[in-house]
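Novice: If it helps, the file is called target_5.txt and holds compact mmCIF, C-alpha atoms and all ligand atoms:
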# COMPACT_ATOMS: atom_id res chain seq x y z
CA MET A 1 9.49 -28.84 -95.76
CA SER A 2 11.16 -31.32 -93.41
CA VAL A 3 9.72 -31.89 -89.96
CA ILE A 4 10.73 -29.28 -87.37
CA LYS A 5 12.55 -30.71 -84.36
CA ALA A 6 11.37 -29.05 -81.15
CA ALA A 7 12.44 -29.20 -77.52
CA ILE A 8 10.51 -28.03 -74.48
CA VAL A 9 12.37 -26.90 -71.36
CA GLY A 10 10.03 -27.14 -68.38
CA GLY A 11 7.79 -29.94 -69.60
CA THR A 12 6.08 -30.78 -66.32
CA GLY A 13 4.52 -27.34 -65.85
CA TYR A 14 1.11 -26.32 -67.10
CA THR A 15 2.36 -24.41 -70.13
CA GLY A 16 4.86 -27.18 -70.98
CA VAL A 17 2.23 -29.91 -71.03
CA GLU A 18 -0.14 -27.60 -72.93
CA LEU A 19 2.57 -27.27 -75.58
CA LEU A 20 2.81 -31.06 -75.74
CA ARG A 21 -0.98 -31.35 -76.16
CA LEU A 22 -1.06 -28.79 -78.96
CA LEU A 23 2.03 -30.09 -80.77
CA SER A 24 0.64 -33.65 -80.74
CA GLY A 25 -1.81 -32.41 -83.38
CA HIS A 26 0.79 -30.56 -85.46
CA SER A 27 1.88 -32.57 -88.50
CA GLN A 28 5.07 -30.58 -89.14
CA VAL A 29 6.60 -30.69 -85.68
CA GLU A 30 8.25 -33.50 -83.77
CA VAL A 31 9.00 -32.98 -80.08
CA SER A 32 12.37 -34.66 -79.61
CA ALA A 33 13.30 -33.52 -76.09
CA ILE A 34 11.34 -32.46 -73.04
CA THR A 35 13.03 -31.51 -69.80
CA SER A 36 12.32 -31.73 -66.11
CA ARG A 37 14.96 -31.86 -63.42
CA ALA A 38 12.59 -33.44 -60.88
CA GLU A 39 11.15 -36.05 -63.28
CA ALA A 40 14.24 -36.91 -65.36
CA GLY A 41 13.86 -40.52 -66.56
CA THR A 42 10.06 -40.64 -66.09
CA PRO A 43 8.02 -41.41 -69.22
CA VAL A 44 5.90 -38.39 -70.21
CA THR A 45 2.78 -40.56 -70.36
CA GLU A 46 3.30 -41.80 -66.80
CA LEU A 47 2.85 -38.24 -65.53
CA PHE A 48 0.29 -37.27 -68.17
CA PRO A 49 -1.79 -40.32 -69.22
CA SER A 50 -3.91 -38.09 -71.47
CA LEU A 51 -0.93 -38.12 -73.85
CA ARG A 52 -0.75 -41.95 -74.09
CA GLY A 53 -0.52 -42.97 -77.73
CA HIS A 54 0.89 -39.57 -78.71
CA TYR A 55 4.39 -39.52 -77.21
CA ASP A 56 7.06 -42.10 -76.53
CA LEU A 57 9.43 -39.74 -74.70
CA LYS A 58 11.00 -39.53 -71.27
CA PHE A 59 11.70 -36.33 -69.38
CA SER A 60 15.40 -35.54 -69.31
CA ALA A 61 17.53 -33.07 -67.39
CA PRO A 62 18.18 -29.92 -69.46
CA ASP A 63 21.29 -30.45 -71.60
CA VAL A 64 22.34 -27.59 -73.84
CA ASP A 65 23.96 -29.88 -76.44
CA GLU A 66 20.74 -31.88 -76.79
CA LEU A 67 18.71 -28.66 -77.04
CA ALA A 68 21.10 -27.29 -79.66
CA ARG A 69 20.33 -30.24 -81.96
CA CYS A 70 16.76 -28.94 -82.31
CA ASP A 71 15.40 -26.34 -84.72
CA VAL A 72 13.39 -24.61 -82.03
CA VAL A 73 13.48 -24.63 -78.22
CA PHE A 74 10.49 -23.55 -76.14
CA PHE A 75 11.24 -22.32 -72.63
CA ALA A 76 8.23 -22.96 -70.36
CA THR A 77 10.18 -22.14 -67.23
CA PRO A 78 10.04 -19.58 -64.40
CA HIS A 79 11.48 -16.13 -65.01
CA GLY A 80 15.28 -16.04 -64.99
CA VAL A 81 15.86 -19.56 -66.40
CA ALA A 82 15.81 -18.91 -70.14
CA GLN A 83 18.22 -15.98 -69.99
CA ALA A 84 20.91 -18.27 -68.61
CA GLN A 85 20.72 -20.71 -71.57
CA VAL A 86 19.48 -18.65 -74.48
CA PRO A 87 22.79 -16.91 -75.38
CA ASP A 88 24.45 -20.27 -76.07
CA LEU A 89 21.50 -21.57 -78.11
CA VAL A 90 21.18 -18.38 -80.13
CA ALA A 91 24.93 -18.45 -80.85
CA ARG A 92 24.47 -21.97 -82.25
CA GLY A 93 21.68 -20.82 -84.58
CA VAL A 94 18.75 -22.36 -82.70
CA ARG A 95 15.46 -20.45 -82.70
CA VAL A 96 14.07 -19.83 -79.23
CA ILE A 97 10.50 -19.17 -78.10
CA ASP A 98 10.42 -18.05 -74.48
CA LEU A 99 7.10 -18.23 -72.63
CA SER A 100 8.53 -16.52 -69.56
CA ALA A 101 8.99 -12.77 -69.13
CA ASP A 102 12.79 -12.81 -69.57
CA PHE A 103 12.82 -11.03 -72.93
CA ARG A 104 9.51 -9.16 -72.94
CA LEU A 105 10.68 -5.77 -71.66
CA GLN A 106 13.02 -3.57 -73.66
CA ASP A 107 13.93 -1.42 -70.68
CA ILE A 108 16.29 -3.54 -68.59
CA PRO A 109 16.23 -1.44 -65.37
CA THR A 110 12.42 -1.74 -65.45
CA TRP A 111 12.72 -5.52 -65.90
CA GLU A 112 15.19 -5.75 -63.03
CA GLN A 113 12.96 -3.63 -60.79
CA TRP A 114 9.81 -5.74 -61.37
CA TYR A 115 11.45 -9.17 -61.45
CA GLY A 116 13.85 -8.53 -58.58
CA GLN A 117 16.99 -9.89 -60.25
CA GLN A 118 19.77 -8.80 -62.52
CA HIS A 119 19.24 -9.50 -66.22
CA ALA A 120 21.86 -11.94 -67.54
CA CYS A 121 21.90 -10.82 -71.19
CA PRO A 122 20.50 -7.33 -71.85
CA GLU A 123 22.08 -7.27 -75.31
CA LEU A 124 19.90 -10.21 -76.38
CA ALA A 125 16.77 -8.69 -74.83
CA ALA A 126 17.27 -5.77 -77.22
CA LYS A 127 17.13 -8.19 -80.17
CA ALA A 128 14.13 -10.20 -78.99
CA VAL A 129 10.83 -9.85 -80.86
CA TYR A 130 7.63 -9.45 -78.84
CA GLY A 131 5.30 -12.20 -80.01
CA LEU A 132 1.89 -10.57 -80.31
CA PRO A 133 1.09 -11.42 -83.95
CA GLU A 134 -1.75 -8.92 -84.16
CA ILE A 135 0.75 -6.05 -83.98
CA ASN A 136 4.10 -7.63 -84.82
CA ARG A 137 3.56 -10.33 -87.46
CA GLU A 138 6.26 -9.16 -89.83
CA GLN A 139 9.06 -9.01 -87.23
CA ILE A 140 7.98 -12.38 -85.80
CA GLY A 141 8.66 -14.00 -89.17
CA GLY A 142 12.34 -13.07 -88.90
CA ALA A 143 12.79 -13.63 -85.18
CA GLN A 144 15.49 -15.85 -83.77
CA LEU A 145 14.52 -15.06 -80.19
CA LEU A 146 10.85 -14.61 -79.52
CA ALA A 147 9.33 -13.35 -76.28
CA CYS A 148 5.80 -14.64 -75.84
CA PRO A 149 3.51 -12.06 -74.22
CA GLY A 150 2.11 -12.65 -70.76
CA CYS A 151 -1.44 -13.87 -70.32
CA TYR A 152 -2.99 -10.67 -68.94
CA PRO A 153 -1.00 -8.53 -71.41
CA THR A 154 -2.43 -10.53 -74.32
CA ALA A 155 -6.07 -10.13 -73.26
CA ILE A 156 -5.66 -6.47 -72.31
CA GLN A 157 -3.62 -5.25 -75.27
CA LEU A 158 -5.90 -6.91 -77.82
CA GLY A 159 -8.87 -5.13 -76.24
CA PHE A 160 -7.34 -1.64 -76.15
CA ILE A 161 -5.42 -1.68 -79.47
CA PRO A 162 -8.26 -0.69 -81.87
CA LEU A 163 -9.33 2.25 -79.68
CA LEU A 164 -5.79 3.57 -79.20
CA GLU A 165 -4.70 3.06 -82.80
CA ALA A 166 -7.73 5.05 -83.96
CA GLY A 167 -6.95 7.80 -81.43
CA LEU A 168 -10.52 7.67 -80.13
CA VAL A 169 -9.75 7.42 -76.41
CA GLU A 170 -7.49 9.14 -73.90
CA SER A 171 -4.21 7.31 -73.40
CA SER A 172 -4.23 8.18 -69.69
CA GLY A 173 -6.77 6.89 -67.20
CA LEU A 174 -7.08 3.50 -68.90
CA ILE A 175 -8.44 0.83 -66.54
CA ALA A 176 -8.17 -2.96 -66.75
CA ASN A 177 -9.95 -5.19 -64.29
CA ALA A 178 -8.98 -8.73 -65.11
CA ALA A 179 -9.57 -12.13 -63.53
CA SER A 180 -7.62 -15.33 -64.10
CA GLY A 181 -8.14 -19.01 -63.38
CA ALA A 182 -5.72 -20.64 -60.95
CA SER A 183 -3.62 -22.39 -63.62
CA GLY A 184 -2.17 -18.93 -64.31
CA ALA A 185 -0.09 -19.33 -61.17
CA GLY A 186 1.63 -22.50 -62.43
CA ARG A 187 1.70 -26.06 -61.09
CA GLN A 188 3.88 -25.76 -58.03
CA ALA A 189 2.11 -26.06 -54.65
CA LYS A 190 1.07 -22.82 -52.97
CA THR A 191 -1.18 -22.53 -49.92
CA ASP A 192 -3.35 -19.74 -51.29
CA LEU A 193 -4.15 -21.86 -54.33
CA LEU A 194 -5.45 -24.84 -52.35
CA PHE A 195 -9.02 -25.81 -53.25
CA ALA A 196 -10.24 -24.94 -49.75
CA GLU A 197 -8.64 -21.49 -49.86
CA ASN A 198 -9.63 -20.58 -53.37
CA ASN A 199 -12.91 -22.31 -54.22
CA ASP A 200 -16.23 -20.48 -53.74
CA SER A 201 -14.42 -17.18 -53.27
CA PHE A 202 -13.16 -14.26 -55.36
CA ARG A 203 -10.45 -11.72 -54.63
CA ALA A 204 -8.12 -9.19 -56.15
CA TYR A 205 -4.36 -9.53 -55.72
CA ALA A 206 -1.29 -7.39 -56.47
CA ALA A 207 -3.58 -4.34 -56.67
CA ALA A 208 -0.65 -2.12 -55.65
CA GLY A 209 1.33 -3.24 -58.68
CA HIS A 210 1.60 -6.36 -60.84
CA ARG A 211 4.63 -7.16 -63.03
CA HIS A 212 2.43 -7.27 -66.14
CA LEU A 213 1.77 -3.53 -65.82
CA PRO A 214 5.08 -2.40 -67.43
CA GLU A 215 4.65 -4.99 -70.19
CA ILE A 216 1.15 -3.77 -71.07
CA GLU A 217 2.21 -0.12 -70.89
CA GLN A 218 5.24 -0.84 -73.10
CA GLY A 219 3.03 -2.42 -75.79
CA LEU A 220 0.30 0.22 -75.69
CA SER A 221 2.86 3.07 -75.67
CA GLN A 222 4.26 1.72 -78.94
CA VAL A 223 0.72 1.74 -80.37
CA VAL A 224 0.09 5.40 -79.48
CA GLY A 225 3.67 6.59 -79.99
CA GLY A 226 3.77 8.15 -76.52
CA ASN A 227 3.08 7.44 -72.89
CA VAL A 228 0.01 5.58 -71.68
CA ASP A 229 -1.19 5.39 -68.10
CA LEU A 230 -3.05 2.26 -67.01
CA THR A 231 -4.57 1.10 -63.73
CA PHE A 232 -4.48 -2.71 -63.73
CA VAL A 233 -6.01 -4.85 -61.00
CA PRO A 234 -5.79 -8.66 -61.38
CA HIS A 235 -8.18 -11.06 -59.62
CA LEU A 236 -8.13 -14.78 -58.92
CA LEU A 237 -11.16 -16.77 -60.06
CA PRO A 238 -12.04 -20.20 -58.65
CA MET A 239 -11.73 -21.95 -62.01
CA VAL A 240 -8.86 -23.70 -63.78
CA ARG A 241 -8.41 -21.93 -67.14
CA GLY A 242 -9.37 -18.57 -68.53
CA ILE A 243 -8.93 -14.81 -68.28
CA HIS A 244 -11.74 -12.29 -68.40
CA ALA A 245 -10.66 -8.68 -68.75
CA THR A 246 -13.04 -5.74 -68.47
CA LEU A 247 -11.40 -2.63 -69.93
CA TYR A 248 -12.45 1.01 -69.60
CA ALA A 249 -11.30 4.01 -71.66
CA LYS A 250 -12.55 7.62 -71.86
CA LEU A 251 -13.62 8.93 -75.26
CA LYS A 252 -11.74 12.03 -76.40
CA ASN A 253 -14.74 13.32 -78.32
CA PRO A 254 -17.97 11.59 -77.26
CA ALA A 255 -20.00 13.47 -79.89
CA ALA A 256 -17.83 12.27 -82.82
CA ALA A 257 -19.44 10.11 -85.48
CA GLU A 258 -16.62 7.56 -84.92
CA ALA A 259 -17.68 7.14 -81.29
CA THR A 260 -21.20 5.75 -81.68
CA GLN A 261 -21.88 2.14 -80.65
CA GLU A 262 -22.24 1.17 -84.32
CA ALA A 263 -18.99 2.91 -85.31
CA LEU A 264 -17.07 1.26 -82.45
CA GLN A 265 -18.39 -2.14 -83.48
CA ALA A 266 -17.35 -1.47 -87.08
CA LEU A 267 -13.89 -0.30 -85.94
CA PHE A 268 -13.24 -3.52 -84.02
CA GLU A 269 -14.60 -5.73 -86.80
CA GLN A 270 -12.42 -4.01 -89.36
CA ARG A 271 -9.27 -4.03 -87.20
CA TYR A 272 -9.45 -7.76 -86.63
CA GLN A 273 -11.07 -8.83 -89.91
CA ALA A 274 -7.94 -10.62 -91.14
CA GLU A 275 -6.90 -12.00 -87.75
CA PRO A 276 -7.51 -15.74 -87.44
CA PHE A 277 -7.45 -15.69 -83.64
CA VAL A 278 -9.41 -12.59 -82.66
CA ASP A 279 -13.18 -12.85 -82.82
CA VAL A 280 -15.22 -9.66 -82.46
CA MET A 281 -18.56 -10.76 -81.10
CA PRO A 282 -21.86 -9.20 -82.25
CA ALA A 283 -22.90 -5.99 -80.46
CA GLY A 284 -24.46 -6.71 -77.08
CA SER A 285 -22.48 -9.93 -76.51
CA HIS A 286 -20.88 -10.93 -73.22
CA PRO A 287 -18.05 -13.33 -74.17
CA GLN A 288 -17.44 -16.22 -71.77
CA THR A 289 -14.12 -17.77 -70.86
CA ARG A 290 -15.46 -21.24 -71.63
CA SER A 291 -16.00 -20.20 -75.26
CA VAL A 292 -12.19 -20.07 -75.68
CA ARG A 293 -11.09 -22.88 -73.37
CA GLY A 294 -8.18 -24.82 -74.87
CA THR A 295 -8.11 -22.59 -77.97
CA ASN A 296 -5.92 -19.81 -79.33
CA MET A 297 -8.91 -17.48 -79.68
CA CYS A 298 -9.42 -14.08 -78.07
CA ARG A 299 -13.11 -13.09 -78.07
CA LEU A 300 -13.92 -9.39 -77.73
CA ALA A 301 -17.03 -7.28 -77.28
CA VAL A 302 -17.10 -3.48 -77.37
CA LEU A 303 -19.82 -1.31 -75.88
CA ARG A 304 -20.63 2.22 -74.81
CA PRO A 305 -22.97 1.81 -71.83
CA GLN A 306 -25.88 4.30 -71.77
CA GLY A 307 -24.11 6.26 -74.51
CA ARG A 308 -21.89 7.86 -71.85
CA ASP A 309 -18.24 8.88 -72.25
CA THR A 310 -16.62 5.55 -71.32
CA VAL A 311 -16.00 2.74 -73.78
CA VAL A 312 -16.00 -0.75 -72.24
CA VAL A 313 -14.27 -3.71 -73.87
CA LEU A 314 -14.76 -7.30 -72.72
CA SER A 315 -11.89 -9.63 -73.63
CA VAL A 316 -11.58 -13.35 -72.93
CA ILE A 317 -8.75 -15.77 -73.58
CA ASP A 318 -7.49 -19.07 -72.18
CA ASN A 319 -4.41 -18.09 -70.12
CA LEU A 320 -2.65 -21.35 -71.03
CA ALA A 321 -3.53 -21.13 -74.73
CA LYS A 322 -3.70 -17.66 -76.38
CA GLY A 323 -2.15 -16.45 -73.11
CA ALA A 324 0.85 -18.80 -73.40
CA SER A 325 1.31 -22.10 -75.28
CA ALA A 326 -1.08 -21.76 -78.22
CA GLN A 327 0.22 -18.26 -78.93
CA ALA A 328 3.73 -19.78 -78.78
CA VAL A 329 2.67 -22.29 -81.46
CA GLN A 330 1.10 -19.49 -83.54
CA ASN A 331 4.43 -17.65 -83.31
CA MET A 332 6.36 -20.78 -84.26
CA ASN A 333 4.12 -21.23 -87.32
CA ILE A 334 4.88 -17.66 -88.40
CA MET A 335 8.62 -18.00 -87.70
CA PHE A 336 8.88 -21.16 -89.81
CA GLY A 337 6.63 -19.94 -92.63
CA LEU A 338 3.90 -22.50 -91.88
CA ASN A 339 0.16 -22.04 -92.06
CA GLU A 340 -0.49 -19.84 -89.02
CA ASN A 341 -3.49 -21.92 -87.96
CA GLN A 342 -1.72 -25.26 -87.98
CA GLY A 343 -2.34 -27.27 -84.81
CA LEU A 344 -4.66 -24.55 -83.50
CA GLU A 345 -7.94 -25.11 -85.26
CA SER A 346 -10.04 -27.12 -82.78
CA PRO A 347 -12.96 -25.21 -81.22
CA ALA A 348 -13.39 -24.94 -77.46
CA LEU A 349 -14.54 -27.88 -75.38
CA LEU A 350 -18.13 -27.44 -74.14
CA PRO A 351 -19.73 -27.51 -71.63
N1 LIG B 1 0.49 -20.52 -66.32
C1 LIG B 1 0.14 -19.58 -67.17
O1 LIG B 1 -1.08 -19.34 -67.44
C2 LIG B 1 1.17 -18.77 -67.88
C3 LIG B 1 2.52 -18.91 -67.62
N2 LIG B 1 3.43 -18.14 -68.28
C4 LIG B 1 4.85 -18.27 -67.99
O2 LIG B 1 5.34 -19.50 -68.52
C5 LIG B 1 6.38 -20.03 -67.69
C6 LIG B 1 5.99 -21.42 -67.22
O3 LIG B 1 4.78 -21.32 -66.49
P1 LIG B 1 4.03 -22.59 -65.88
O4 LIG B 1 3.98 -23.67 -66.87
O5 LIG B 1 2.77 -22.06 -65.31
O6 LIG B 1 5.06 -22.96 -64.71
P2 LIG B 1 5.12 -24.24 -63.78
O7 LIG B 1 5.56 -23.77 -62.48
O8 LIG B 1 3.80 -24.97 -63.89
O9 LIG B 1 6.29 -25.13 -64.46
C7 LIG B 1 7.61 -24.73 -64.52
C8 LIG B 1 8.46 -25.78 -65.25
O10 LIG B 1 9.80 -25.31 -65.34
C9 LIG B 1 10.72 -26.30 -64.84
N3 LIG B 1 11.80 -25.58 -64.14
C10 LIG B 1 11.70 -24.86 -63.00
N4 LIG B 1 12.88 -24.30 -62.68
C11 LIG B 1 13.75 -24.67 -63.65
C12 LIG B 1 15.14 -24.42 -63.88
N5 LIG B 1 15.85 -23.66 -63.05
N6 LIG B 1 15.71 -24.96 -64.98
C13 LIG B 1 15.01 -25.72 -65.84
N7 LIG B 1 13.68 -26.00 -65.67
C14 LIG B 1 13.06 -25.48 -64.59
C15 LIG B 1 9.87 -27.18 -63.93
O11 LIG B 1 10.36 -28.53 -63.92
P3 LIG B 1 11.61 -29.00 -63.04
O12 LIG B 1 11.63 -28.11 -61.81
O13 LIG B 1 11.33 -30.44 -62.74
O14 LIG B 1 12.83 -28.83 -63.92
C16 LIG B 1 8.50 -27.14 -64.60
O15 LIG B 1 8.44 -28.15 -65.61
C17 LIG B 1 6.54 -19.04 -66.51
O16 LIG B 1 7.55 -18.13 -66.78
C18 LIG B 1 5.18 -18.32 -66.49
O17 LIG B 1 5.27 -17.06 -65.93
C19 LIG B 1 3.07 -17.26 -69.23
C20 LIG B 1 1.74 -17.07 -69.55
C21 LIG B 1 0.67 -17.81 -68.86
C1 LIG B 2 -3.50 -16.40 -61.33
C2 LIG B 2 -2.05 -15.99 -61.35
O1 LIG B 2 -1.36 -16.04 -60.35
N1 LIG B 2 -1.57 -15.57 -62.51
C3 LIG B 2 -0.21 -15.19 -62.70
C4 LIG B 2 -0.11 -14.80 -64.13
C5 LIG B 2 1.26 -14.48 -64.54
C6 LIG B 2 1.96 -15.53 -65.37
O2 LIG B 2 1.49 -16.57 -65.67
O3 LIG B 2 3.17 -15.28 -65.72
P1 LIG B 2 3.76 -14.46 -66.89
O4 LIG B 2 4.32 -13.23 -66.26
O5 LIG B 2 4.81 -15.25 -67.51
O6 LIG B 2 2.65 -14.17 -67.87
C7 LIG B 2 0.23 -14.03 -61.80
O7 LIG B 2 -0.56 -13.12 -61.60
O8 LIG B 2 1.38 -14.02 -61.38
Write the structure described by the file as structure tokens, please.
Specialist:
Amino acid sequence: MSVIKAAIVGGTGYTGVELLRLLSGHSQVEVSAITSRAEAGTPVTELFPSLRGHYDLKFSAPDVDELARCDVVFFATPHGVAQAQVPDLVARGVRVIDLSADFRLQDIPTWEQWYGQQHACPELAAKAVYGLPEINREQIGGAQLLACPGCYPTAIQLGFIPLLEAGLVESSGLIANAASGASGAGRQAKTDLLFAENNDSFRAYAAAGHRHLPEIEQGLSQVVGGNVDLTFVPHLLPMVRGIHATLYAKLKNPAAAEATQEALQALFEQRYQAEPFVDVMPAGSHPQTRSVRGTNMCRLAVLRPQGRDTVVVLSVIDNLAKGASAQAVQNMNIMFGLNENQGLESPALLP
């Protein structure tokens, strides 16, 4: 197969440069355009010296004709940007992988309510494929427009899916307490993300309602074939990368043979046996965010504390990797019929 020509719109942001890092190790992809309006004309390696020796590219202003000469365009841009350019690219036969939330929600009034703007192309949103390979691999293969899941939605859905698919837990009263590193908020300057405001401290935010809630409920509702009700509270951790989600669900029948600690462990191991990027840890484990840093892996542990009626799932991912750019590369591999692991095989950096 000939080399895939890729473009990245939004190359100076954290997910854009993470895409560059990952694609530098991908033998079947060549990044031929990378955009930034603020840094147009600047060599990529001047801004990111860690990429010296890997790229000989300059940032350029987004130009739809240049993008249309590529096989695939990644949008690593704030919400609302991709939907303005995607219709043109899709009409010209380009495959698009959007890391923003523009095409994640099927219900457009819900999208407009949570994102506070009018959707520019609802008809395309209806055709977009939601890029969580663990539930949607087949449709991803045929996607022209792919919506990459959000970071919290990835960690949370992967943790709840086995329990809900098996019908073991109530679909109402689900709880997700999740904490993210500061890179989840992007690279633009914000006072509450300054080192002195954020370091050595821990807090919740958006407890009254976070825009990932409808996305998670949409995905889990499809799994159960009905409504789910989730309480989701995100937190900000004083670290750079990583999400740790602690999930709680009530057993429907605590006395059932399928609900013992051993049976829950077996359920998770079986559900993800064939998944290259979900690792079910041995019973009793407490997965750490640093065990997935820079990788496309989601590590899970399932437990039933004191044998009571609540199942707890611990789920860790790297928000910039399985939560964004590495999952985008996994999706690209599936879309182009490549080995799904390509460019994604390095283990996490320790310590
Ligand atoms: N950070 C994370 O962990 C995750 C992020 N995401 C999503 O991925 C997307 C990118 O996130 P992130 O990398 O953190 O964002 P950043 O804020 O770090 O970067 C945004 C990039 O988009 C470019 N950009 C901004 N506005 C426009 C515009 N109107 N037209 C073209 N380019 C534009 C910027 O460059 P310039 O202004 O110079 O053009 C910059 O390169 C967002 O939608 C985010 O929600 C998803 C999952 C996880
Ligand atoms: C720590 C932090 O601020 N995290 C971001 C995560 C969301 C994100 O990155 O955006 P997507 O909607 O595209 O997934 C937030 O809560 O807004």
Novice: Could you make a table, as a tab-separated table, of the residues of chain A that have an atom within 7 Å of an atom of ligand LIG 2 (chain B), each with its nearest atom pair and distance in Å to one decimal, counting only C-alpha atoms and all ligand atoms, in chain and number order?
Specialist:
residue	atom	partner	partner_atom	distance
A:Leu99	CA	B:LIG2	O5	6.4
A:Ser100	CA	B:LIG2	O5	4.4
A:Ala101	CA	B:LIG2	O5	5.1
A:Pro149	CA	B:LIG2	O6	6.7
A:Gly150	CA	B:LIG2	O6	3.3
A:Cys151	CA	B:LIG2	O6	4.8
A:Tyr152	CA	B:LIG2	O6	6.7
A:Ser180	CA	B:LIG2	C1	5.1
A:Gly181	CA	B:LIG2	C1	5.7
A:Ala182	CA	B:LIG2	C1	4.8
A:Ser183	CA	B:LIG2	C1	6.4
A:Gly184	CA	B:LIG2	N1	3.9
A:Ala185	CA	B:LIG2	O1	3.6
A:Gly186	CA	B:LIG2	O2	6.8
A:Arg211	CA	B:LIG2	O4	6.9
A:His212	CA	B:LIG2	O4	6.3
A:Pro234	CA	B:LIG2	O7	6.9
A:Leu236	CA	B:LIG2	C1	5.5
Novice: For the residues in the current selection, export C-alpha atoms as an mmCIF file, keeping the file's coordinate frame.
Specialist:
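Writing the result to again19.cif gives the following:
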data_model
loop_
_atom_site.group_PDB
_atom_site.id
_atom_site.type_symbol
_atom_site.label_atom_id
_atom_site.label_comp_id
_atom_site.auth_asym_id
_atom_site.auth_seq_id
_atom_site.Cartn_x
_atom_site.Cartn_y
_atom_site.Cartn_z
ATOM 1 C CA LEU A 99 7.100 -18.230 -72.630
ATOM 2 C CA SER A 100 8.530 -16.520 -69.560
ATOM 3 C CA ALA A 101 8.990 -12.770 -69.130
ATOM 4 C CA PRO A 149 3.510 -12.060 -74.220
ATOM 5 C CA GLY A 150 2.110 -12.650 -70.760
ATOM 6 C CA CYS A 151 -1.440 -13.870 -70.320
ATOM 7 C CA TYR A 152 -2.990 -10.670 -68.940
ATOM 8 C CA SER A 180 -7.620 -15.330 -64.100
ATOM 9 C CA GLY A 181 -8.140 -19.010 -63.380
ATOM 10 C CA ALA A 182 -5.720 -20.640 -60.950
ATOM 11 C CA SER A 183 -3.620 -22.390 -63.620
ATOM 12 C CA GLY A 184 -2.170 -18.930 -64.310
ATOM 13 C CA ALA A 185 -0.090 -19.330 -61.170
ATOM 14 C CA GLY A 186 1.630 -22.500 -62.430
ATOM 15 C CA ARG A 211 4.630 -7.160 -63.030
ATOM 16 C CA HIS A 212 2.430 -7.270 -66.140
ATOM 17 C CA PRO A 234 -5.790 -8.660 -61.380
ATOM 18 C CA LEU A 236 -8.130 -14.780 -58.920
#
Novice: Out of A:Gln222, A:Ser171, A:Gln273, A:Gln288, which residue has the shortest atom-to-atom distance to Ala249 of chain A when counting all atoms listed in the file?
Specialist: A:Ser171
Novice: Find the residues around segment 33-39 of chain A up to 12 Å (all atoms listed in the file counted), leave out those fewer than 3 positions away in its own chain, and share them as an NGL selection string.
Specialist: :A and (5-13 or 16-17 or 19-20 or 30 or 42-48 or 55-77 or 188)
Novice: With only C-alpha atoms as the basis for distance, which of A:Ala196, A:Leu267, A:Ala348, A:Val90 is at the shortest distance from Leu168 of chain A?
Specialist: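 Of all the options, A:Leu267 lies closest to Leu168 of chain A.
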Novice: Which distance in Å separates atom CA of Gly225 of chain A and atom CA of Thr310 of chain A, to one decimal?
Specialist: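 Distance between the two atoms: 22.1 Å.
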Novice: What does the distance between atom CA of Glu258 of chain A and atom CA of Leu164 of chain A come to in Å, to one decimal place?
Specialist: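 Those two atoms sit 12.9 Å apart.
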Novice: In terms of the shortest atom-to-atom distance over only C-alpha atoms, which of A:Lys190, A:Arg293, A:Lys250, A:His286 is closest to Val311 of chain A?
Specialist: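 Of A:Lys190, A:Arg293, A:Lys250, A:His286, the one nearest Val311 of chain A is A:Lys250, counting only C-alpha atoms.
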Novice: Got a sec: who's within 12 Å of Thr260 of chain A, counting all atoms listed in the file, leaving out chain neighbours fewer than 6 positions off, as a PyMOL selection string?
Specialist: chain A and resi 168+251+253-254+266-267+283+302-311
